[in-house]
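Peer 1: Contents are TSV, N, CA and C atoms; file name target_18.tsv:
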```
chain	number	residue	atom	x	y	z
A	21	MET	N	35.67	-49.68	-31.27
A	21	MET	CA	34.22	-49.82	-31.36
A	21	MET	C	33.49	-48.94	-30.37
A	22	LYS	N	34.00	-48.87	-29.16
A	22	LYS	CA	33.32	-48.10	-28.13
A	22	LYS	C	33.20	-46.63	-28.53
A	23	ASN	N	34.24	-46.10	-29.15
A	23	ASN	CA	34.24	-44.70	-29.56
A	23	ASN	C	33.21	-44.44	-30.66
A	24	SER	N	33.02	-45.37	-31.59
A	24	SER	CA	32.05	-45.15	-32.67
A	24	SER	C	30.62	-45.12	-32.13
A	25	LYS	N	30.34	-45.91	-31.09
A	25	LYS	CA	29.02	-45.86	-30.48
A	25	LYS	C	28.78	-44.50	-29.83
A	26	LYS	N	29.81	-43.96	-29.20
A	26	LYS	CA	29.70	-42.65	-28.57
A	26	LYS	C	29.44	-41.58	-29.63
A	27	GLU	N	30.13	-41.67	-30.77
A	27	GLU	CA	29.92	-40.71	-31.84
A	27	GLU	C	28.51	-40.81	-32.39
A	28	THR	N	27.99	-42.02	-32.53
A	28	THR	CA	26.63	-42.22	-33.04
A	28	THR	C	25.62	-41.60	-32.09
A	29	LYS	N	25.82	-41.77	-30.79
A	29	LYS	CA	24.90	-41.19	-29.81
A	29	LYS	C	24.91	-39.67	-29.90
A	30	SER	N	26.11	-39.07	-30.01
A	30	SER	CA	26.17	-37.61	-30.04
A	30	SER	C	25.58	-37.07	-31.34
A	31	ILE	N	25.73	-37.78	-32.44
A	31	ILE	CA	25.14	-37.36	-33.71
A	31	ILE	C	23.63	-37.43	-33.62
A	32	SER	N	23.09	-38.45	-32.99
A	32	SER	CA	21.64	-38.59	-32.91
A	32	SER	C	21.00	-37.52	-32.02
A	33	LYS	N	21.79	-36.84	-31.21
A	33	LYS	CA	21.26	-35.80	-30.34
A	33	LYS	C	21.29	-34.42	-30.98
A	34	LEU	N	21.82	-34.31	-32.18
A	34	LEU	CA	21.85	-33.01	-32.85
A	34	LEU	C	20.43	-32.58	-33.17
A	35	PRO	N	20.15	-31.28	-33.04
A	35	PRO	CA	18.78	-30.81	-33.30
A	35	PRO	C	18.46	-30.85	-34.79
A	36	VAL	N	17.31	-31.40	-35.11
A	36	VAL	CA	16.86	-31.46	-36.50
A	36	VAL	C	15.40	-31.02	-36.58
A	37	ILE	N	15.02	-30.60	-37.77
A	37	ILE	CA	13.60	-30.41	-38.05
A	37	ILE	C	13.21	-31.51	-39.01
A	38	LYS	N	11.97	-31.89	-38.97
A	38	LYS	CA	11.53	-33.01	-39.79
A	38	LYS	C	10.38	-32.56	-40.69
A	39	CYS	N	10.58	-32.72	-41.98
A	39	CYS	CA	9.55	-32.38	-42.95
A	39	CYS	C	8.46	-33.44	-42.90
A	40	PHE	N	7.26	-33.10	-43.36
A	40	PHE	CA	6.20	-34.10	-43.36
A	40	PHE	C	6.47	-35.23	-44.33
A	41	CYS	N	7.48	-35.08	-45.21
A	41	CYS	CA	7.87	-36.18	-46.11
A	41	CYS	C	8.81	-37.16	-45.40
A	42	GLY	N	9.28	-36.79	-44.19
A	42	GLY	CA	10.14	-37.67	-43.41
A	42	GLY	C	11.61	-37.26	-43.41
A	43	THR	N	12.00	-36.37	-44.27
A	43	THR	CA	13.38	-35.92	-44.34
A	43	THR	C	13.73	-35.09	-43.11
A	44	GLU	N	14.89	-35.36	-42.53
A	44	GLU	CA	15.37	-34.58	-41.41
A	44	GLU	C	16.43	-33.59	-41.90
A	45	ILE	N	16.33	-32.35	-41.43
A	45	ILE	CA	17.27	-31.30	-41.81
A	45	ILE	C	17.91	-30.79	-40.54
A	46	LEU	N	19.24	-30.77	-40.52
A	46	LEU	CA	19.98	-30.31	-39.35
A	46	LEU	C	19.63	-28.87	-39.05
A	47	LEU	N	19.31	-28.58	-37.82
A	47	LEU	CA	18.99	-27.23	-37.38
A	47	LEU	C	20.29	-26.50	-37.08
A	48	VAL	N	20.51	-25.38	-37.77
A	48	VAL	CA	21.73	-24.60	-37.55
A	48	VAL	C	21.34	-23.19	-37.11
A	49	PRO	N	22.21	-22.51	-36.35
A	49	PRO	CA	21.86	-21.20	-35.81
A	49	PRO	C	21.97	-20.06	-36.81
A	50	ASN	N	22.40	-20.32	-38.02
A	50	ASN	CA	22.56	-19.29	-39.04
A	50	ASN	C	21.29	-19.24	-39.89
A	51	VAL	N	20.56	-18.13	-39.81
A	51	VAL	CA	19.27	-18.01	-40.50
A	51	VAL	C	19.42	-18.16	-42.01
A	52	LYS	N	20.44	-17.56	-42.58
A	52	LYS	CA	20.65	-17.64	-44.03
A	52	LYS	C	20.89	-19.08	-44.47
A	53	VAL	N	21.73	-19.79	-43.76
A	53	VAL	CA	22.03	-21.18	-44.09
A	53	VAL	C	20.79	-22.05	-43.89
A	54	MET	N	20.03	-21.81	-42.83
A	54	MET	CA	18.81	-22.58	-42.58
A	54	MET	C	17.80	-22.34	-43.70
A	55	SER	N	17.67	-21.10	-44.12
A	55	SER	CA	16.77	-20.75	-45.21
A	55	SER	C	17.18	-21.46	-46.50
A	56	GLU	N	18.47	-21.47	-46.77
A	56	GLU	CA	18.99	-22.14	-47.97
A	56	GLU	C	18.72	-23.65	-47.91
A	57	ALA	N	18.87	-24.23	-46.73
A	57	ALA	CA	18.62	-25.67	-46.58
A	57	ALA	C	17.14	-25.99	-46.82
A	58	ILE	N	16.26	-25.16	-46.31
A	58	ILE	CA	14.82	-25.37	-46.52
A	58	ILE	C	14.48	-25.23	-48.00
A	59	GLU	N	15.02	-24.20	-48.63
A	59	GLU	CA	14.75	-23.98	-50.06
A	59	GLU	C	15.29	-25.13	-50.90
A	60	ALA	N	16.51	-25.58	-50.60
A	60	ALA	CA	17.10	-26.70	-51.34
A	60	ALA	C	16.26	-27.96	-51.17
A	61	HIS	N	15.80	-28.21	-49.96
A	61	HIS	CA	14.97	-29.39	-49.71
A	61	HIS	C	13.67	-29.31	-50.51
A	62	THR	N	13.05	-28.14	-50.47
A	62	THR	CA	11.78	-27.94	-51.18
A	62	THR	C	11.94	-28.19	-52.67
A	63	GLU	N	13.01	-27.66	-53.24
A	63	GLU	CA	13.23	-27.82	-54.68
A	63	GLU	C	13.63	-29.25	-55.05
A	64	ARG	N	14.52	-29.87	-54.25
A	64	ARG	CA	15.02	-31.21	-54.59
A	64	ARG	C	14.02	-32.30	-54.26
A	65	LYS	N	13.61	-32.34	-53.04
A	65	LYS	CA	12.78	-33.45	-52.58
A	65	LYS	C	11.35	-33.37	-53.11
A	66	HIS	N	10.81	-32.18	-53.16
A	66	HIS	CA	9.43	-32.04	-53.58
A	66	HIS	C	9.32	-31.66	-55.05
A	67	LYS	N	10.49	-31.46	-55.70
A	67	LYS	CA	10.58	-31.17	-57.13
A	67	LYS	C	9.56	-30.13	-57.59
A	68	LEU	N	9.50	-29.05	-56.83
A	68	LEU	CA	8.54	-28.00	-57.13
A	68	LEU	C	9.20	-26.89	-57.94
A	69	LYS	N	8.78	-26.75	-59.14
A	69	LYS	CA	9.28	-25.71	-60.03
A	69	LYS	C	8.34	-24.51	-59.98
A	70	VAL	N	8.76	-23.43	-60.57
A	70	VAL	CA	7.99	-22.20	-60.49
A	70	VAL	C	6.78	-22.24	-61.44
A	71	ASN	N	5.63	-22.31	-60.87
A	71	ASN	CA	4.34	-22.06	-61.51
A	71	ASN	C	3.36	-21.83	-60.37
A	72	ASN	N	2.19	-21.36	-60.66
A	72	ASN	CA	1.28	-20.93	-59.58
A	72	ASN	C	0.94	-22.04	-58.60
A	73	LEU	N	0.54	-23.20	-59.09
A	73	LEU	CA	0.15	-24.30	-58.20
A	73	LEU	C	1.35	-24.82	-57.42
A	74	ALA	N	2.47	-24.99	-58.09
A	74	ALA	CA	3.68	-25.48	-57.41
A	74	ALA	C	4.15	-24.48	-56.36
A	75	GLU	N	4.02	-23.20	-56.63
A	75	GLU	CA	4.47	-22.20	-55.67
A	75	GLU	C	3.61	-22.22	-54.41
A	76	VAL	N	2.33	-22.46	-54.55
A	76	VAL	CA	1.45	-22.59	-53.39
A	76	VAL	C	1.88	-23.79	-52.55
A	77	GLU	N	2.15	-24.90	-53.20
A	77	GLU	CA	2.59	-26.10	-52.49
A	77	GLU	C	3.97	-25.88	-51.85
A	78	ALA	N	4.86	-25.22	-52.56
A	78	ALA	CA	6.19	-24.93	-52.03
A	78	ALA	C	6.09	-24.06	-50.78
A	79	GLU	N	5.18	-23.10	-50.79
A	79	GLU	CA	4.98	-22.23	-49.63
A	79	GLU	C	4.49	-23.04	-48.43
A	80	LYS	N	3.66	-24.04	-48.67
A	80	LYS	CA	3.19	-24.90	-47.58
A	80	LYS	C	4.36	-25.65	-46.96
A	81	VAL	N	5.24	-26.19	-47.81
A	81	VAL	CA	6.40	-26.93	-47.31
A	81	VAL	C	7.32	-25.98	-46.54
A	82	ARG	N	7.63	-24.83	-47.13
A	82	ARG	CA	8.49	-23.85	-46.46
A	82	ARG	C	7.89	-23.42	-45.12
A	83	GLY	N	6.61	-23.10	-45.12
A	83	GLY	CA	5.95	-22.67	-43.89
A	83	GLY	C	6.00	-23.73	-42.81
A	84	TYR	N	5.77	-24.97	-43.20
A	84	TYR	CA	5.82	-26.08	-42.25
A	84	TYR	C	7.22	-26.20	-41.65
A	85	LEU	N	8.25	-26.14	-42.50
A	85	LEU	CA	9.62	-26.28	-42.02
A	85	LEU	C	10.04	-25.09	-41.15
A	86	ILE	N	9.64	-23.90	-41.53
A	86	ILE	CA	9.97	-22.71	-40.73
A	86	ILE	C	9.31	-22.82	-39.35
A	87	THR	N	8.10	-23.32	-39.30
A	87	THR	CA	7.42	-23.53	-38.02
A	87	THR	C	8.22	-24.50	-37.16
A	88	GLN	N	8.74	-25.55	-37.79
A	88	GLN	CA	9.57	-26.52	-37.06
A	88	GLN	C	10.82	-25.85	-36.49
A	89	VAL	N	11.44	-24.96	-37.26
A	89	VAL	CA	12.63	-24.24	-36.80
A	89	VAL	C	12.30	-23.43	-35.55
A	90	PHE	N	11.21	-22.67	-35.60
A	90	PHE	CA	10.83	-21.86	-34.44
A	90	PHE	C	10.47	-22.72	-33.24
A	91	ASP	N	9.80	-23.84	-33.45
A	91	ASP	CA	9.47	-24.74	-32.36
A	91	ASP	C	10.73	-25.26	-31.69
A	92	GLU	N	11.71	-25.70	-32.49
A	92	GLU	CA	12.96	-26.23	-31.93
A	92	GLU	C	13.74	-25.12	-31.24
A	93	ALA	N	13.78	-23.93	-31.84
A	93	ALA	CA	14.52	-22.82	-31.25
A	93	ALA	C	13.93	-22.41	-29.91
A	94	SER	N	12.63	-22.51	-29.77
A	94	SER	CA	12.00	-22.10	-28.51
A	94	SER	C	12.26	-23.10	-27.39
A	95	LYS	N	12.70	-24.29	-27.71
A	95	LYS	CA	12.98	-25.31	-26.70
A	95	LYS	C	14.29	-25.04	-25.97
A	96	THR	N	15.16	-24.24	-26.57
A	96	THR	CA	16.48	-24.02	-25.96
A	96	THR	C	16.50	-22.80	-25.08
```
Rewrite the structure of this file - the entire thing - as structure tokens.

Peer 2:
Amino acid sequence: MKNSKKETKSISKLPVIKCFCGTEILLVPNVKVMSEAIEAHTERKHKLKVNNLAEVEAEKVRGYLITQVFDEASKT
């Protein structure tokens, strides 16, 4: 039991970005992988398909998440 508590604590300290919808995305140092994670979240969670209005909304979500990435990266 003691070991599982230690693992939980270390997992909770991993850097994440948080979307305004509440979803947390693990922050990784690989730009390509981070970009793919943001895109996957935008498409899955916000169910935004390609059309003009949806693309504007998708850009807002992407921009917000990218800002979170830079904010977290600047803390280290």

Peer 1: Please compute the atom N of Glu63 (chain A)-atom C of Phe90 (chain A) distance, one decimal, in Å.

Peer 2: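 Taking atom N of Glu63 (chain A) as the start and atom C of Phe90 (chain A) as the end point, the length is 20.8 Å.
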
Peer 1: CA of Val89 (chain A) and atom N of Ala74 (chain A) are how many Å apart?

Peer 2: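 If I compute the distance from CA of Val89 (chain A) to atom N of Ala74 (chain A), I get 23.6 Å.
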
Peer 1: Name the residues in contact with Val36 (chain A) at a cut-off of 6 Å, using all atoms listed in the file, excluding same-chain residues fewer than 3 positions from it; report them as a VMD selection string.

Peer 2: chain A and resid 44 to 47

Peer 1: Those residues with N, CA and C atoms, as a PDB file, keeping the file's coordinate frame please?

Peer 2:
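Dumped everything to part38.pdb:
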```pdb
ATOM      1  N   GLU A  44      14.890 -35.360 -42.530  1.00  0.00           N
ATOM      2  CA  GLU A  44      15.370 -34.580 -41.410  1.00  0.00           C
ATOM      3  C   GLU A  44      16.430 -33.590 -41.900  1.00  0.00           C
ATOM      4  N   ILE A  45      16.330 -32.350 -41.430  1.00  0.00           N
ATOM      5  CA  ILE A  45      17.270 -31.300 -41.810  1.00  0.00           C
ATOM      6  C   ILE A  45      17.910 -30.790 -40.540  1.00  0.00           C
ATOM      7  N   LEU A  46      19.240 -30.770 -40.520  1.00  0.00           N
ATOM      8  CA  LEU A  46      19.980 -30.310 -39.350  1.00  0.00           C
ATOM      9  C   LEU A  46      19.630 -28.870 -39.050  1.00  0.00           C
ATOM     10  N   LEU A  47      19.310 -28.580 -37.820  1.00  0.00           N
ATOM     11  CA  LEU A  47      18.990 -27.230 -37.380  1.00  0.00           C
ATOM     12  C   LEU A  47      20.290 -26.500 -37.080  1.00  0.00           C
TER      13      LEU A  47
END
```

Peer 1: In Å, rounded to a single decimal, give me how far atom N of Val76 (chain A) is from atom C of Cys39 (chain A).

Peer 2: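 So the answer is 17.1 Å.
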
Peer 1: Choose the residue, out of A:Val48, A:Thr87, A:Val81, A:Gly42, that has the smallest atom-to-atom separation from Ala60 (chain A); count only C-alpha atoms.

Peer 2: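 Among A:Val48, A:Thr87, A:Val81, A:Gly42, it is A:Val81 that comes nearest to Ala60 (chain A).
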